[in-house]
Every structure is written in structure tokens, then in C-alpha cells.
Amino acid sequence: MSHTLIDIGVNLVHRRFAPDREAVLRRAQAAGVAAMIVTGTRVAESRAALRLARAHPGVLWCTAGIHPHSARELDDESMSQLRELATDSPVVAIGECGLDYDRDFSPRPLQRACFERQLDLAAELNLPVFLHERKAHADFQAILREHRPQLAGVVVHCFTGSRAELESYLELDCHVGLTGWVTDARRAGPVREAMATLPRDRVMLETDAPFLLPKTAPRSSGRNEPSHLPLVLEAVAELMELDSHTLASLATSNTERFFGLRVGQLTAASHARSP
């Protein structure tokens, strides 16, 4: 029996999906993934994500943001473009934004400035934020703590941290997005341990496709797809000591409530927006 799931983070505008994007969507829905949120990582990709969401109302929504890898691209013009994109109803969050000190594709001071400006934009528009953090927890948490009172909601996307890091996010009233990373027993020990303390009302599920192919997926799969979300569900359910039906219901209701959407309806529930 299939579950009704929502993938909160899928990079559907990535070039690896260009040859068969519509088939990918059909496979996802056949697997019980009723809705997906397409991730925006730069202005151009956010615009493409919005076009794709508009073409699939009630199935696709999207985010609009600038990933820390591209923080050097942020300027007044790009912020103006993001603000315009984010006022369109299929856009349900600002992001993917945050800090990445693992690869440092953009200088750290620029990453921090880019992160803060997008948090300010989210507060201005009363939208939640879809966040990225790698090897930058101290700075990330400090910035987030300063801005958290003004934010409508926070989800830490693709959480791969420790129990202590999880607890620090929960203290800031954050939600947590979990991916196929949790299926890697060798590398994901800390996050797997942390799942025992994850509150049921904070959990969301995502694939981050085409990246992070679950270890439990057939090796012939190659790239990750949103149709693999049930594999993430099964792994997280086991780690949280829940049955998969219960977790599916919890994750879907958490996601709908957080992003203000109702799966199967043609439009997202409206957010209060500033003029």
C-alpha cells in the first residue's frame, strides 16, 4: 500500500532531469509522492523552478533563493528579482540559502551577508526559509538565532548533523528535512543516532534529487529521483521507531502546515504578504 508523501526538496530544474523530466514526475506520483517542492538555488534556477511549478499546479511548488555556493552573485538587482519571484503563489519559501564552509565556493563573508539578506527578505514577505548548512554550524546558528524571532518558519534542509546540532535547531523552533543520507550507516552515524530524539511534529522528508541516492536504492538507479522518497521514509521510520504509515502521515501533515499548502488543490494556501 502506497503512502501519500511530499518531497520538500528536489532539484527538478537540474540538467540531469532535462531529458525526461515529465517521466520523472509520473514515476514519483506512481510511487505515492503526491507533491514536490522544487528547489531554487540561484535567481535563474528559481525562475525556472517557478515556471515548472506553474505548469503543474497542485503537484509542484517551489522555493526562491541563492545557495551559499553562489553567494558572490548576490547584489541589489538579484535581491530585487528574488523579491519579485517570491510574491508569486507557487513560491512557498525563501531558499535554498545558508552557509557552506565545506567547499567554500564563495568567500565566507559573502556567504554570511547573502544568508542574512535572504533571512531579511523572508521576514519582510512572511515566508518560511529553506536552509542549507555544511561545516558552518556555529556561524549558521548565531545568524539564525538573531533572525529567528522575525521568521515565519525554518526548515533545516538535508540535515546531516549530530544530536547536539539537532537539539540546537529544535531550541530555535526549526523543522528538519531528512534525505537518503540516513541510509548510509557508515557515514551517517551521528544523524542516525539523533533520530531517536527528533520530535514527531518537526520531521519532513526529501530526496534532494538528483543527489544523495539512498544506499537502499537499486545500484542501477544512477541518479536519485523523487520516486525514491519511500526509501527515505522507510529508513527514517525505522530510526524513529515508527511504522511507515504513521511517519508518512506525520511528515505530510507537518509539511502541509509548514508551507501552507494542500496537496491536490490547484493553489497553495495564501501567505500573508507585505505590500
# chains A, B, ... in the order shown; residues from 1 in each chain; ligands from 1
call {"tool": "residues_around", "arguments": {"residues": "stretch 56-68 of chain A", "least_positions_apart": "5", "cutoff": "7 Å", "atoms": "only C-alpha atoms", "output": "CSV table (one decimal) with all heavy atoms, in the first residue's frame"}}
result
chain,number,residue,atom,x,y,z
A,34,ALA,N,2.9,12.6,-3.9
A,34,ALA,CA,1.8,13.4,-4.4
A,34,ALA,C,2.2,14.8,-4.8
A,34,ALA,O,1.6,15.4,-5.6
A,34,ALA,CB,0.6,13.4,-3.5
A,35,ALA,N,3.2,15.3,-4.1
A,35,ALA,CA,3.6,16.7,-4.4
A,35,ALA,C,5.1,16.9,-4.1
A,35,ALA,O,5.7,16.1,-3.4
A,35,ALA,CB,2.8,17.7,-3.5
A,36,MET,N,5.7,17.9,-4.8
A,36,MET,CA,7.1,18.1,-4.6
A,36,MET,C,7.4,19.6,-4.6
A,36,MET,O,6.6,20.4,-5.2
A,36,MET,CB,7.9,17.5,-5.8
A,36,MET,CG,7.9,16.0,-5.9
A,36,MET,SD,7.9,15.3,-7.6
A,36,MET,CE,6.1,15.1,-7.8
A,37,ILE,N,8.4,20.0,-3.8
A,37,ILE,CA,8.8,21.4,-3.8
A,37,ILE,C,10.1,21.5,-4.5
A,37,ILE,O,11.1,20.9,-4.1
A,37,ILE,CB,8.9,21.9,-2.4
A,37,ILE,CG1,7.5,21.8,-1.7
A,37,ILE,CG2,9.4,23.4,-2.3
A,37,ILE,CD1,7.5,22.2,-0.2
A,38,VAL,N,10.1,22.2,-5.6
A,38,VAL,CA,11.3,22.4,-6.5
A,38,VAL,C,12.2,23.4,-5.9
A,38,VAL,O,11.8,24.5,-5.6
A,38,VAL,CB,10.9,22.7,-7.9
A,38,VAL,CG1,12.1,22.7,-8.8
A,38,VAL,CG2,9.8,21.8,-8.4
A,39,THR,N,13.5,23.1,-5.7
A,39,THR,CA,14.5,23.9,-5.0
A,39,THR,C,15.0,25.0,-6.0
A,39,THR,O,15.5,24.7,-7.1
A,39,THR,CB,15.6,23.1,-4.5
A,39,THR,OG1,15.1,22.1,-3.6
A,39,THR,CG2,16.5,24.0,-3.6
A,40,GLY,N,15.0,26.2,-5.5
A,40,GLY,CA,15.7,27.3,-6.2
A,40,GLY,C,17.0,27.6,-5.6
A,40,GLY,O,17.1,27.7,-4.4
A,41,THR,N,18.1,27.6,-6.4
A,41,THR,CA,19.5,27.8,-5.9
A,41,THR,C,20.2,29.0,-6.4
A,41,THR,O,21.2,29.4,-5.8
A,41,THR,CB,20.3,26.5,-6.2
A,41,THR,OG1,20.3,26.3,-7.6
A,41,THR,CG2,19.8,25.3,-5.5
A,42,ARG,N,19.7,29.6,-7.4
A,42,ARG,CA,20.2,30.9,-8.0
A,42,ARG,C,18.9,31.6,-8.5
A,42,ARG,O,17.9,31.0,-8.6
A,42,ARG,CB,21.2,30.6,-9.1
A,42,ARG,CG,22.4,29.9,-8.6
A,42,ARG,CD,23.3,29.4,-9.8
A,42,ARG,NE,24.0,30.5,-10.4
A,42,ARG,CZ,24.9,30.3,-11.4
A,42,ARG,NH1,25.1,29.1,-11.9
A,42,ARG,NH2,25.5,31.3,-11.9
A,43,VAL,N,19.1,32.8,-8.9
A,43,VAL,CA,17.9,33.6,-9.5
A,43,VAL,C,17.4,32.9,-10.7
A,43,VAL,O,16.2,32.6,-10.8
A,43,VAL,CB,18.3,35.0,-9.8
A,43,VAL,CG1,17.1,35.7,-10.5
A,43,VAL,CG2,18.6,35.8,-8.5
A,46,SER,N,15.7,29.6,-9.8
A,46,SER,CA,14.5,29.9,-9.1
A,46,SER,C,13.4,30.3,-10.0
A,46,SER,O,12.2,29.9,-9.9
A,46,SER,CB,14.7,31.1,-8.0
A,46,SER,OG,15.6,30.7,-7.0
A,49,ALA,N,12.3,27.1,-11.7
A,49,ALA,CA,11.5,26.3,-10.8
A,49,ALA,C,10.1,26.9,-10.7
A,49,ALA,O,9.1,26.1,-10.7
A,49,ALA,CB,12.1,26.4,-9.4
A,50,LEU,N,9.9,28.2,-10.7
A,50,LEU,CA,8.6,28.8,-10.7
A,50,LEU,C,7.8,28.4,-12.0
A,50,LEU,O,6.6,28.1,-11.9
A,50,LEU,CB,8.7,30.3,-10.5
A,50,LEU,CG,7.4,31.1,-10.6
A,50,LEU,CD1,6.4,30.6,-9.5
A,50,LEU,CD2,7.7,32.6,-10.4
A,82,LEU,N,14.7,38.3,-6.7
A,82,LEU,CA,14.2,37.3,-5.8
A,82,LEU,C,12.9,37.8,-5.1
A,82,LEU,O,11.9,37.0,-5.0
A,82,LEU,CB,15.2,37.0,-4.7
A,82,LEU,CG,16.3,36.0,-5.0
A,82,LEU,CD1,17.1,35.8,-3.7
A,82,LEU,CD2,15.8,34.7,-5.4
A,85,LEU,N,10.0,37.3,-7.6
A,85,LEU,CA,9.7,35.9,-7.7
A,85,LEU,C,8.9,35.4,-6.5
A,85,LEU,O,7.9,34.7,-6.7
A,85,LEU,CB,11.0,35.1,-7.9
A,85,LEU,CG,11.7,35.2,-9.2
A,85,LEU,CD1,13.1,34.5,-9.1
A,85,LEU,CD2,10.9,34.6,-10.4
A,86,ALA,N,9.3,35.8,-5.4
A,86,ALA,CA,8.8,35.3,-4.1
A,86,ALA,C,7.4,35.7,-3.8
A,86,ALA,O,6.7,35.1,-3.0
A,86,ALA,CB,9.7,35.6,-2.9
A,90,PRO,N,3.0,30.1,-6.2
A,90,PRO,CA,3.7,28.8,-6.1
A,90,PRO,C,5.0,28.8,-5.2
A,90,PRO,O,5.5,27.7,-4.9
A,90,PRO,CB,4.0,28.4,-7.5
A,90,PRO,CG,3.0,29.2,-8.3
A,90,PRO,CD,2.9,30.5,-7.6
A,91,VAL,N,5.5,30.0,-5.0
A,91,VAL,CA,6.8,30.1,-4.1
A,91,VAL,C,6.4,30.0,-2.7
A,91,VAL,O,5.7,30.9,-2.2
A,91,VAL,CB,7.5,31.4,-4.4
A,91,VAL,CG1,8.8,31.5,-3.5
A,91,VAL,CG2,8.0,31.4,-5.9
A,92,VAL,N,6.8,29.0,-2.0
A,92,VAL,CA,6.4,28.7,-0.6
A,92,VAL,C,7.5,29.0,0.4
A,92,VAL,O,7.2,28.8,1.6
A,92,VAL,CB,5.8,27.3,-0.4
A,92,VAL,CG1,4.5,27.2,-1.2
A,92,VAL,CG2,6.8,26.2,-0.9
A,93,ALA,N,8.7,29.3,0.0
A,93,ALA,CA,9.8,29.6,0.9
A,93,ALA,C,10.9,30.3,0.2
A,93,ALA,O,11.0,30.3,-1.0
A,93,ALA,CB,10.3,28.3,1.5
A,94,ILE,N,11.7,31.0,1.0
A,94,ILE,CA,12.9,31.6,0.6
A,94,ILE,C,14.0,30.6,0.8
A,94,ILE,O,14.2,30.1,1.9
A,94,ILE,CB,13.2,32.9,1.3
A,94,ILE,CG1,12.1,34.0,1.0
A,94,ILE,CG2,14.6,33.5,0.9
A,94,ILE,CD1,12.0,34.4,-0.4
A,95,GLY,N,14.8,30.4,-0.2
A,95,GLY,CA,15.9,29.4,-0.1
A,95,GLY,C,16.1,28.7,-1.4
A,95,GLY,O,15.4,28.9,-2.4
A,96,GLU,N,17.1,27.9,-1.6
A,96,GLU,CA,17.9,27.4,-0.6
A,96,GLU,C,19.0,28.4,-0.2
A,96,GLU,O,19.7,28.8,-1.1
A,96,GLU,CB,18.5,26.0,-1.1
A,96,GLU,CG,19.5,25.3,-0.2
A,96,GLU,CD,20.0,24.0,-0.9
A,96,GLU,OE1,19.6,23.7,-2.0
A,96,GLU,OE2,20.8,23.4,-0.3
A,97,CYS,N,19.1,28.7,1.0
A,97,CYS,CA,20.1,29.7,1.5
A,97,CYS,C,20.8,29.2,2.8
A,97,CYS,O,20.2,28.3,3.4
A,97,CYS,CB,19.5,31.1,1.6
A,97,CYS,SG,18.2,31.2,2.8
A,98,GLY,N,21.9,29.8,3.1
A,98,GLY,CA,22.6,29.4,4.3
A,98,GLY,C,24.1,29.6,4.2
A,98,GLY,O,24.6,30.5,3.6
A,99,LEU,N,24.8,28.6,4.8
A,99,LEU,CA,26.3,28.7,4.8
A,99,LEU,C,26.9,27.3,4.4
A,99,LEU,O,26.4,26.3,4.9
A,99,LEU,CB,26.8,29.1,6.2
A,99,LEU,CG,26.4,30.4,6.7
A,99,LEU,CD1,26.9,30.6,8.2
A,99,LEU,CD2,26.8,31.6,5.9
A,100,ASP,N,28.0,27.3,3.6
A,100,ASP,CA,28.7,26.1,3.3
A,100,ASP,C,30.2,26.3,3.4
A,100,ASP,O,30.8,26.9,2.5
A,100,ASP,CB,28.3,25.6,1.9
A,100,ASP,CG,28.7,24.2,1.6
A,100,ASP,OD1,29.9,23.9,1.9
A,100,ASP,OD2,27.9,23.4,1.2
A,106,SER,N,32.1,30.3,-2.4
A,106,SER,CA,32.0,31.7,-2.3
A,106,SER,C,32.7,32.1,-1.0
A,106,SER,O,32.6,31.3,0.0
A,106,SER,CB,30.6,32.2,-2.3
A,106,SER,OG,30.0,32.2,-3.6
A,111,GLN,N,29.1,34.8,2.0
A,111,GLN,CA,28.1,33.8,2.3
A,111,GLN,C,27.2,34.3,3.5
A,111,GLN,O,26.0,34.2,3.4
A,111,GLN,CB,28.7,32.5,2.7
A,111,GLN,CG,29.3,31.7,1.6
A,111,GLN,CD,29.7,30.3,2.1
A,111,GLN,OE1,28.9,29.6,2.8
A,111,GLN,NE2,30.9,29.8,1.7
A,263,VAL,N,-2.1,19.4,-0.6
A,263,VAL,CA,-1.8,18.5,-1.8
A,263,VAL,C,-3.1,18.2,-2.5
A,263,VAL,O,-4.1,17.8,-1.9
A,263,VAL,CB,-1.2,17.2,-1.3
A,263,VAL,CG1,-1.0,16.3,-2.5
A,263,VAL,CG2,0.2,17.5,-0.7
A,264,GLY,N,-3.1,18.4,-3.9
A,264,GLY,CA,-4.2,18.0,-4.7
A,264,GLY,C,-5.0,19.3,-5.0
A,264,GLY,O,-5.8,19.3,-6.0
A,265,GLN,N,-4.9,20.3,-4.3
A,265,GLN,CA,-5.6,21.6,-4.6
A,265,GLN,C,-4.7,22.3,-5.7
A,265,GLN,O,-3.6,22.1,-5.8
A,265,GLN,CB,-5.8,22.5,-3.4
A,265,GLN,CG,-6.8,21.9,-2.4
A,265,GLN,CD,-7.1,22.8,-1.3
A,265,GLN,OE1,-6.6,23.9,-1.2
A,265,GLN,NE2,-8.0,22.4,-0.4
A,266,LEU,N,-5.4,23.2,-6.4
A,266,LEU,CA,-4.7,23.8,-7.5
A,266,LEU,C,-3.8,25.0,-7.1
A,266,LEU,O,-3.0,25.5,-7.9
A,266,LEU,CB,-5.7,24.3,-8.5
A,266,LEU,CG,-6.5,23.2,-9.2
A,266,LEU,CD1,-7.4,23.8,-10.3
A,266,LEU,CD2,-5.5,22.2,-9.9
A,267,THR,N,-4.0,25.5,-5.9
A,267,THR,CA,-3.2,26.6,-5.5
A,267,THR,C,-2.7,26.4,-4.0
A,267,THR,O,-3.4,25.7,-3.2
A,267,THR,CB,-3.9,28.0,-5.5
A,267,THR,OG1,-5.1,27.9,-4.7
A,267,THR,CG2,-4.3,28.3,-7.0
call {"tool": "residues_around", "arguments": {"residues": "A:Arg202", "least_positions_apart": "2", "cutoff": "7 Å", "atoms": "only C-alpha atoms", "output": "PyMOL selection string"}}
result
chain A and resi 175-176+199-200+204+254
call {"tool": "write_last_selection", "arguments": {"atoms": "N, CA, C and O atoms", "output": "compact mmCIF listing (two decimals), in the first residue's frame"}}
result
# COMPACT_ATOMS: atom_id res chain seq x y z
N HIS A 175 12.14 23.06 11.90
CA HIS A 175 11.83 21.76 11.36
C HIS A 175 13.09 21.19 10.72
O HIS A 175 14.06 21.92 10.48
N VAL A 176 13.07 19.89 10.43
CA VAL A 176 14.25 19.21 9.91
C VAL A 176 13.86 18.37 8.69
O VAL A 176 12.91 17.57 8.77
N PRO A 199 11.48 15.19 17.48
CA PRO A 199 10.04 15.22 17.74
C PRO A 199 9.23 14.91 16.48
O PRO A 199 9.61 15.28 15.37
N ARG A 200 8.10 14.28 16.67
CA ARG A 200 7.27 13.87 15.53
C ARG A 200 6.73 15.05 14.73
O ARG A 200 6.47 14.93 13.54
N MET A 204 10.33 16.27 8.33
CA MET A 204 9.92 16.32 6.94
C MET A 204 10.85 15.43 6.12
O MET A 204 11.97 15.12 6.58
N ASN A 254 2.93 17.71 8.67
CA ASN A 254 3.91 18.73 9.06
C ASN A 254 4.24 19.63 7.87
O ASN A 254 4.35 20.86 8.02
call {"tool": "closest_residue", "arguments": {"among": "A:Val156, A:Ala122, A:Ala136, A:Met79", "to": "A:Asp173", "atoms": "only C-alpha atoms"}}
result
A:Val156
call {"tool": "closest_residue", "arguments": {"among": "A:Ala44, A:Ile143, A:Pro128, A:Phe259", "to": "A:Phe115", "atoms": "only C-alpha atoms"}}
result
A:Ile143
call {"tool": "residues_around", "arguments": {"residues": "stretch 2-15 of chain A", "least_positions_apart": "3", "cutoff": "7 Å", "atoms": "only C-alpha atoms", "output": "PyMOL selection string"}}
result
chain A and resi 18+31-39+45+48-49+205-210+226+229+245+248+252
